[in-house]
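Chemist: Structure supplied as target-v4.cif; contents: mmCIF, C-alpha atoms.
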```cif
data_final
#
loop_
_atom_site.label_atom_id
_atom_site.label_comp_id
_atom_site.auth_asym_id
_atom_site.auth_seq_id
_atom_site.Cartn_x
_atom_site.Cartn_y
_atom_site.Cartn_z
CA TYR A 1392 111.25 114.67 117.59
CA THR A 1393 109.90 116.91 120.36
CA ASP A 1394 107.47 119.66 119.41
CA TRP A 1395 103.90 120.87 119.81
CA PHE A 1396 101.34 120.02 117.11
CA PRO A 1397 98.17 121.97 117.86
CA SER A 1398 95.04 121.85 115.71
CA ILE A 1399 91.63 123.47 115.81
CA VAL A 1400 88.48 122.79 113.77
CA ALA A 1401 85.22 124.75 113.74
CA LYS A 1402 81.90 123.81 112.15
CA TYR A 1403 78.77 125.86 111.58
CA MET A 1404 75.42 124.45 110.43
CA PHE A 1405 73.43 126.93 108.34
CA THR A 1406 70.70 124.30 108.03
CA PRO A 1407 70.63 120.57 108.89
CA ALA A 1408 71.83 119.89 105.31
CA PHE A 1409 74.16 122.86 104.75
CA GLU A 1410 77.41 123.15 106.72
CA TRP A 1411 80.70 125.00 106.76
CA GLN A 1412 83.95 123.73 108.29
CA ALA A 1413 87.31 125.42 108.80
CA GLY A 1414 90.47 124.41 110.57
CA VAL A 1415 94.19 124.95 111.03
CA SER A 1416 96.81 122.50 112.20
CA LYS A 1417 100.56 122.08 112.62
CA GLY A 1418 102.49 118.86 112.07
CA ILE A 1419 105.55 117.12 110.72
CA SER A 1420 106.17 114.52 108.06
CA ARG A 1421 109.06 112.18 108.80
CA PRO A 1422 111.29 110.88 105.99
CA GLY A 1423 110.87 107.26 104.98
CA ILE A 1424 113.42 104.79 106.31
CA ASP A 1425 114.49 103.98 102.73
CA ASN A 1426 115.42 107.64 102.27
CA LEU A 1427 117.60 107.61 105.38
CA THR A 1428 119.57 104.41 105.08
CA GLY A 1429 120.32 101.60 102.67
CA LEU A 1430 122.64 100.58 99.87
CA TRP A 1431 123.44 102.33 96.64
CA VAL A 1432 121.38 101.18 93.65
CA ILE A 1433 123.55 101.39 90.53
CA ASN A 1434 121.97 101.44 87.09
CA ASP A 1435 124.64 101.02 84.43
CA ASN A 1436 121.99 100.71 81.70
CA ALA A 1437 120.77 104.29 82.08
CA ASN A 1438 122.18 107.02 79.86
CA PRO A 1439 124.08 108.46 81.65
CA PRO A 1440 124.40 105.73 84.31
CA THR A 1441 122.89 106.57 87.70
CA VAL A 1442 123.36 105.83 91.38
CA SER A 1443 120.40 106.10 93.77
CA SER A 1444 121.63 106.88 97.28
CA PRO A 1445 119.96 107.43 100.69
CA ASN A 1446 120.58 110.57 102.75
CA PRO A 1447 121.03 109.94 106.51
CA GLN A 1448 121.00 113.72 107.17
CA LEU A 1449 117.36 114.18 106.15
CA GLN A 1450 115.18 116.11 108.61
CA PRO A 1451 111.38 115.95 108.91
CA GLU A 1452 109.17 118.35 107.01
CA HIS A 1453 107.24 120.93 109.04
CA HIS A 1454 103.71 121.77 107.91
CA LYS A 1455 101.09 124.39 108.68
CA VAL A 1456 97.78 123.46 107.10
CA TYR A 1457 94.76 125.73 106.63
CA GLN A 1458 91.55 124.25 105.26
CA THR A 1459 87.90 125.07 104.75
CA ARG A 1460 84.93 123.22 103.28
CA LEU A 1461 81.36 124.11 102.33
CA SER A 1462 78.98 121.17 101.88
CA TYR A 1463 75.35 120.56 101.07
CA TYR A 1464 73.84 117.10 101.70
CA PHE A 1465 70.93 115.53 99.85
CA GLY A 1466 68.59 113.27 101.78
CA GLY A 1467 65.55 111.13 101.27
CA ARG A 1468 65.53 108.67 98.40
CA SER A 1469 68.41 110.45 96.65
CA PRO A 1470 71.24 110.75 99.20
CA GLY A 1471 74.45 112.48 98.20
CA GLN A 1472 76.40 115.70 98.54
CA VAL A 1473 77.92 118.62 96.68
CA SER A 1474 80.91 120.41 98.18
CA ILE A 1475 83.76 122.80 97.59
CA ALA A 1476 86.96 122.54 99.63
CA TYR A 1477 90.13 124.59 99.83
CA ILE A 1478 93.41 123.65 101.50
CA GLN A 1479 96.72 125.47 101.86
CA ASP A 1480 99.82 123.67 103.11
CA GLU A 1481 102.89 125.71 104.03
CA ALA A 1482 105.93 123.46 104.39
CA THR A 1483 109.53 124.04 105.41
CA ASN A 1484 112.34 121.48 105.17
CA PHE A 1485 110.38 120.01 102.25
CA ILE A 1486 111.89 116.70 101.11
CA THR A 1487 112.64 116.70 97.39
CA ASN A 1488 114.35 114.39 94.93
CA THR A 1489 117.55 115.84 93.52
CA THR A 1490 119.73 114.68 90.65
CA TYR A 1491 123.43 115.53 90.95
CA ILE A 1492 125.23 115.66 87.61
CA GLY A 1493 128.48 113.75 88.07
CA GLY A 1494 129.91 112.11 91.16
CA ALA A 1495 131.82 115.24 92.21
CA ALA A 1496 128.55 117.19 92.60
CA PHE A 1497 127.47 114.59 95.18
CA GLY A 1498 130.80 114.68 97.00
CA ILE A 1499 132.14 111.45 95.49
CA ASP A 1500 135.78 111.70 94.39
CA ASP A 1501 136.09 108.11 93.14
CA PRO A 1502 136.98 108.49 89.42
CA GLU A 1503 134.94 105.36 88.63
CA PHE A 1504 131.76 107.36 89.34
CA ALA A 1505 132.84 110.62 87.73
CA ASN A 1506 130.33 110.24 84.87
CA TYR A 1507 127.45 108.88 86.98
CA ASN A 1508 124.41 110.95 87.96
CA PHE A 1509 123.56 110.59 91.66
CA ILE A 1510 119.88 110.60 92.64
CA SER A 1511 119.05 111.31 96.26
CA THR A 1512 116.71 113.26 98.55
CA THR A 1513 117.42 116.50 100.37
CA ASN A 1514 115.66 119.14 102.49
CA ASN A 1515 114.69 122.34 100.71
CA VAL A 1516 114.84 125.19 103.24
CA ALA A 1517 112.69 127.51 101.11
CA LEU A 1518 109.00 127.83 101.96
CA GLN A 1519 106.87 125.47 99.88
CA ARG A 1520 103.29 126.68 99.59
CA TYR A 1521 100.76 124.24 98.14
CA LYS A 1522 97.15 125.17 97.40
CA ASN A 1523 94.34 122.91 96.28
CA MET A 1524 90.66 123.40 95.51
CA ASP A 1525 88.26 120.46 95.10
CA LEU A 1526 84.78 120.51 93.60
CA ASN A 1527 82.86 117.33 94.39
CA TYR A 1528 79.43 115.93 93.58
CA SER A 1529 77.97 112.49 94.30
CA GLN A 1530 74.39 111.25 94.47
CA THR A 1531 72.15 108.22 94.14
CA LEU A 1532 69.42 109.05 91.62
CA GLY A 1533 66.53 107.69 93.63
CA PHE A 1534 64.19 110.36 92.28
CA LEU A 1535 64.09 108.70 88.86
CA PRO A 1536 60.91 106.79 87.93
CA GLY A 1537 60.93 103.01 88.04
CA GLU A 1538 62.94 100.65 90.23
CA TYR A 1539 65.30 99.86 87.35
CA LEU A 1540 66.60 103.45 87.27
CA ARG A 1541 66.69 104.30 90.97
CA GLY A 1542 69.85 102.27 91.48
CA ILE A 1543 71.94 104.64 89.33
CA ASN A 1544 74.58 106.60 91.25
CA ILE A 1545 77.01 109.16 89.87
CA GLY A 1546 79.99 111.11 91.13
CA ALA A 1547 82.57 113.57 89.86
CA THR A 1548 85.48 115.51 91.32
CA TYR A 1549 87.63 118.27 89.86
CA SER A 1550 90.88 119.33 91.55
CA ARG A 1551 92.92 122.45 90.84
CA SER A 1552 96.36 122.54 92.43
CA TYR A 1553 99.02 125.24 92.71
CA ALA A 1554 102.51 125.47 94.20
CA ASN A 1555 104.92 128.37 94.55
CA GLN A 1556 107.78 126.10 93.42
CA ARG A 1557 108.08 123.21 91.01
CA ARG A 1558 106.87 120.06 92.74
CA ASN A 1559 107.35 116.50 91.56
CA ASN A 1560 104.16 114.69 90.47
CA LEU A 1561 101.93 117.70 91.18
CA ALA A 1562 99.30 117.87 88.44
CA PRO A 1563 97.69 121.31 88.08
CA HIS A 1564 94.42 119.72 86.91
CA ARG A 1565 92.84 116.40 87.83
CA ALA A 1566 89.33 115.09 87.24
CA THR A 1567 87.58 111.86 88.21
CA ALA A 1568 84.14 110.51 87.41
CA ARG A 1569 82.19 107.41 88.32
CA LEU A 1570 78.92 105.86 87.16
CA GLY A 1571 77.45 103.04 89.20
CA TYR A 1572 74.33 100.90 89.13
CA ASN A 1573 72.72 98.57 91.67
CA TYR A 1574 69.65 96.43 91.21
CA ARG A 1575 68.79 93.73 93.72
CA ALA A 1576 71.72 91.27 93.77
CA PHE A 1577 73.64 92.96 90.94
CA GLY A 1578 75.98 95.92 91.10
CA CYS A 1579 78.49 97.47 88.69
CA SER A 1580 80.48 100.65 88.16
CA VAL A 1581 82.81 102.33 85.68
CA GLY A 1582 85.29 104.98 86.75
CA ALA A 1583 87.63 107.32 84.92
CA VAL A 1584 90.51 109.55 85.99
CA TRP A 1585 92.21 112.23 83.92
CA ILE A 1586 95.52 113.74 85.07
CA ASP A 1587 97.26 116.70 83.46
CA ASP A 1588 100.97 116.93 82.60
CA ARG A 1589 103.11 116.89 85.77
CA PRO A 1590 106.83 117.00 86.65
CA ILE A 1591 108.61 113.66 86.97
CA ASP A 1592 111.71 114.39 89.03
CA GLY A 1593 114.22 117.09 89.90
CA VAL A 1594 115.28 117.66 86.29
CA TYR A 1595 113.41 120.63 84.79
CA GLY A 1596 111.69 119.76 81.52
CA ARG A 1597 110.85 116.14 82.31
CA VAL A 1598 107.11 115.53 82.61
CA TRP A 1599 104.59 112.74 82.67
CA GLY A 1600 102.17 113.21 79.80
CA ALA A 1601 98.47 113.76 80.46
CA MET A 1602 96.59 110.46 80.75
CA THR A 1603 93.10 109.05 81.07
CA LYS A 1604 92.55 105.65 82.66
CA LEU A 1605 89.45 103.58 83.37
CA ASP A 1606 88.47 100.95 85.89
CA LEU A 1607 85.52 98.55 85.94
CA SER A 1608 83.87 96.46 88.62
CA ALA A 1609 80.83 94.20 88.93
CA THR A 1610 79.33 92.00 91.64
CA TYR A 1611 76.49 89.49 91.86
CA LYS A 1612 75.34 88.18 95.22
CA LEU A 1613 74.58 84.46 94.91
CA ASN A 1614 73.31 84.15 98.48
CA ARG A 1615 74.04 85.55 101.94
CA TRP A 1616 77.43 83.79 102.01
CA ALA A 1617 78.85 84.08 98.47
CA THR A 1618 79.32 86.87 95.93
CA LEU A 1619 80.77 86.73 92.42
CA TYR A 1620 82.97 89.69 91.55
CA MET A 1621 84.98 91.14 88.70
CA GLN A 1622 87.53 93.97 88.76
CA ALA A 1623 89.42 95.50 85.84
CA ARG A 1624 92.14 98.13 86.05
CA ASN A 1625 93.17 100.07 82.95
CA PRO A 1626 91.18 97.79 80.59
CA THR A 1627 92.14 99.95 77.59
CA ASN A 1628 95.86 99.43 78.36
CA GLN A 1629 96.77 103.13 78.40
CA LYS A 1630 100.52 103.76 78.44
CA ASP A 1631 102.46 106.00 80.84
CA LEU A 1632 104.43 108.45 78.69
CA ARG A 1633 107.49 110.45 79.78
CA TYR A 1634 108.36 113.58 77.86
CA GLN A 1635 111.30 115.99 77.75
CA SER A 1636 111.25 119.67 76.74
CA PRO A 1637 114.38 121.12 75.09
CA PRO A 1638 116.76 123.23 77.23
CA GLY A 1639 115.71 126.86 77.48
CA VAL A 1640 112.07 126.05 76.67
CA GLN A 1641 109.20 126.25 79.16
CA GLU A 1642 108.50 122.89 80.73
CA GLY A 1643 105.83 121.00 78.82
CA LYS A 1644 106.35 122.97 75.60
CA GLN A 1645 107.84 121.42 72.43
CA LYS A 1646 108.13 118.17 74.36
CA HIS A 1647 109.29 114.93 72.79
CA LEU A 1648 108.76 111.37 73.96
CA ARG A 1649 111.62 109.88 76.04
CA PHE A 1650 110.12 106.71 77.53
CA MET A 1651 106.93 104.72 77.30
CA GLU A 1652 105.90 102.44 80.17
CA SER A 1653 103.20 99.83 79.63
CA TYR A 1654 101.87 97.88 82.62
CA GLY A 1655 99.02 96.29 80.70
CA ASP A 1656 95.44 95.78 81.76
CA ASN A 1657 94.58 93.79 84.86
CA TRP A 1658 91.45 91.63 85.23
CA VAL A 1659 90.39 89.77 88.36
CA PHE A 1660 87.50 87.30 88.63
CA GLY A 1661 86.58 85.55 91.82
CA VAL A 1662 84.14 84.42 94.48
CA ARG A 1663 84.04 86.20 97.83
CA GLY A 1664 82.70 84.33 100.85
CA GLN A 1665 81.35 85.72 104.10
CA PHE A 1666 80.82 83.51 107.15
#
```
As structure tokens, please, write out the structure in this file.
Modeler:
Amino acid sequence: YTDWFPSIVAKYMFTPAFEWQAGVSKGISRPGIDNLTGLWVINDNANPPTVSSPNPQLQPEHHKVYQTRLSYYFGGRSPGQVSIAYIQDEATNFITNTTYIGGAAFGIDDPEFANYNFISTTNNVALQRYKNMDLNYSQTLGFLPGEYLRGINIGATYSRSYANQRRNNLAPHRATARLGYNYRAFGCSVGAVWIDDRPIDGVYGRVWGAMTKLDLSATYKLNRWATLYMQARNPTNQKDLRYQSPPGVQEGKQKHLRFMESYGDNWVFGVRGQF
């Protein structure tokens, strides 16, 4: 693709620890190769049965991105930062997943596929405007008394997202938090993420349910060459829940459970070497 992709960024320092940044850029996002070419994937076990098909006519998305960020940095024995950021992405030719009800809607006249739903990607010519605001805080609490407490570090982020059109997997609210601790050769952390209800696919009314998941990690340095480590993802085995709202009802309202996906908890123990 031949085009110009200019960008400009400006930064102003109010004080050595307090800064403001702003920028604007233009770019494209090319479709994945799997969206352009490949074989049909037929699922006869779905109800109704489905066919996932590539679209060789897909064009790249075009983006204009405006962003700004205000940050304050902590120094000394308690390094960290607090910031607020805003981004607006205006996209044309946005690539979306689309479900075609029946083979005829997808241009397939083979009667064998008359009752199949076809799932594919297409370019949406309408302007897609996405806005996001992030509030972020992270800091090592070195100001606390005693060497046992100074290794505590905390962090939290809240994200608020908007879009002028329904957008798959866009959660209007998202929050993360992390608590860590380091003392000499030992380190550990616990993290949590909460995600609000969000659309699943191109069918209005289908949403992922809100979820909260945890992760854990710990390390112990045996010597300069070897470190014991542990990692755990989703140790509480939270399920991924898919819901459906009735026709004619606002998405997310009066929803009922359609599917439940359980990937289990994942634990990893090991020794990491450095030479």
Chemist: Starting from the displayed file, determine the output of the PyMOL selection byres ((chain A and resi 1534-1547) around 6) and express the residue list as a PDB file with C-alpha atoms, in the coordinates of the input.
Modeler:
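New file result-v9.pdb:
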```
ATOM      1  CA  ASN A1527      82.860 117.330  94.390  1.00  0.00           C
ATOM      2  CA  TYR A1528      79.430 115.930  93.580  1.00  0.00           C
ATOM      3  CA  SER A1529      77.970 112.490  94.300  1.00  0.00           C
ATOM      4  CA  GLN A1530      74.390 111.250  94.470  1.00  0.00           C
ATOM      5  CA  THR A1531      72.150 108.220  94.140  1.00  0.00           C
ATOM      6  CA  LEU A1532      69.420 109.050  91.620  1.00  0.00           C
ATOM      7  CA  GLY A1533      66.530 107.690  93.630  1.00  0.00           C
ATOM      8  CA  THR A1548      85.480 115.510  91.320  1.00  0.00           C
ATOM      9  CA  THR A1567      87.580 111.860  88.210  1.00  0.00           C
ATOM     10  CA  ALA A1568      84.140 110.510  87.410  1.00  0.00           C
ATOM     11  CA  ARG A1569      82.190 107.410  88.320  1.00  0.00           C
ATOM     12  CA  LEU A1570      78.920 105.860  87.160  1.00  0.00           C
ATOM     13  CA  GLY A1571      77.450 103.040  89.200  1.00  0.00           C
ATOM     14  CA  TYR A1572      74.330 100.900  89.130  1.00  0.00           C
ATOM     15  CA  ASN A1573      72.720  98.570  91.670  1.00  0.00           C
ATOM     16  CA  TYR A1574      69.650  96.430  91.210  1.00  0.00           C
TER      17      TYR A1574
END
```
Chemist: Using only C-alpha atoms, which of A:Ser1653, A:Asn1559, A:Asn1488, A:Asn1628 sits nearest A:Ser1443?
Modeler: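 For A:Ser1443, the nearest of the given residues is A:Asn1488.
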Chemist: Kindly provide, as a VMD selection string, the polymer residues lying within 8 Å of (83.8, 82.6, 95.4), counting all atoms listed in the file and using the coordinates exactly as they appear in the file.
Modeler: chain A and resid 1617 to 1619 1661 to 1664
Chemist: Do you know which residues are at most 12 Å from A:Pro1440 counting all atoms listed in the file, after dropping those on the same chain fewer than 6 positions away, and could you put them as a list in words?
Modeler: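 Residues near the query, excluding close chain neighbours: Val1432, Ile1433, Asn1434, Thr1490, Tyr1491, Ile1492, Gly1493, Gly1494, Glu1503, Phe1504, Ala1505, Asn1506, Tyr1507, Asn1508, Phe1509 and Ile1510 of chain A.
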Chemist: Please dump the current selection as a PDB file, in the coordinates of the input; keep C-alpha atoms.
Modeler:
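Printed below is again.pdb as written:
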```
ATOM      1  CA  VAL A1432     121.380 101.180  93.650  1.00  0.00           C
ATOM      2  CA  ILE A1433     123.550 101.390  90.530  1.00  0.00           C
ATOM      3  CA  ASN A1434     121.970 101.440  87.090  1.00  0.00           C
ATOM      4  CA  THR A1490     119.730 114.680  90.650  1.00  0.00           C
ATOM      5  CA  TYR A1491     123.430 115.530  90.950  1.00  0.00           C
ATOM      6  CA  ILE A1492     125.230 115.660  87.610  1.00  0.00           C
ATOM      7  CA  GLY A1493     128.480 113.750  88.070  1.00  0.00           C
ATOM      8  CA  GLY A1494     129.910 112.110  91.160  1.00  0.00           C
ATOM      9  CA  GLU A1503     134.940 105.360  88.630  1.00  0.00           C
ATOM     10  CA  PHE A1504     131.760 107.360  89.340  1.00  0.00           C
ATOM     11  CA  ALA A1505     132.840 110.620  87.730  1.00  0.00           C
ATOM     12  CA  ASN A1506     130.330 110.240  84.870  1.00  0.00           C
ATOM     13  CA  TYR A1507     127.450 108.880  86.980  1.00  0.00           C
ATOM     14  CA  ASN A1508     124.410 110.950  87.960  1.00  0.00           C
ATOM     15  CA  PHE A1509     123.560 110.590  91.660  1.00  0.00           C
ATOM     16  CA  ILE A1510     119.880 110.600  92.640  1.00  0.00           C
TER      17      ILE A1510
END
```
Chemist: Just say which residues the PyMOL selection byres ((chain A and resi 1395) around 9) picks in this file, as a PyMOL selection string.
Modeler: chain A and resi 1393-1394+1396-1397+1417-1418
Chemist: Would you save the residues from that selection as a tab-separated table (two decimals), in the coordinates of the input, using C-alpha atoms?
Modeler:
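Resulting contents of out.tsv:
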```
chain	number	residue	atom	x	y	z
A	1393	THR	CA	109.90	116.91	120.36
A	1394	ASP	CA	107.47	119.66	119.41
A	1396	PHE	CA	101.34	120.02	117.11
A	1397	PRO	CA	98.17	121.97	117.86
A	1417	LYS	CA	100.56	122.08	112.62
A	1418	GLY	CA	102.49	118.86	112.07
```
Chemist: Once the PyMOL selection byres ((chain A and resi 1476-1480) around 6) has been applied to the shown file, what residues remain in the selection, as a PyMOL selection string?
Modeler: chain A and resi 1455-1460+1475+1481+1520-1525
Chemist: Between atom CA of A:Asn1657 and atom CA of A:Gly1600, what is the distance in Å, rounded to a tenth?
Modeler: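 Going from atom CA of A:Asn1657 over to atom CA of A:Gly1600 covers 21.5 Å.
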Chemist: What does the structure give for the distance between atom CA of A:Ala1601 and atom CA of A:Val1640, in Å to one decimal?
Modeler: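 Result for atom CA of A:Ala1601 versus atom CA of A:Val1640: 18.7 Å, one decimal.
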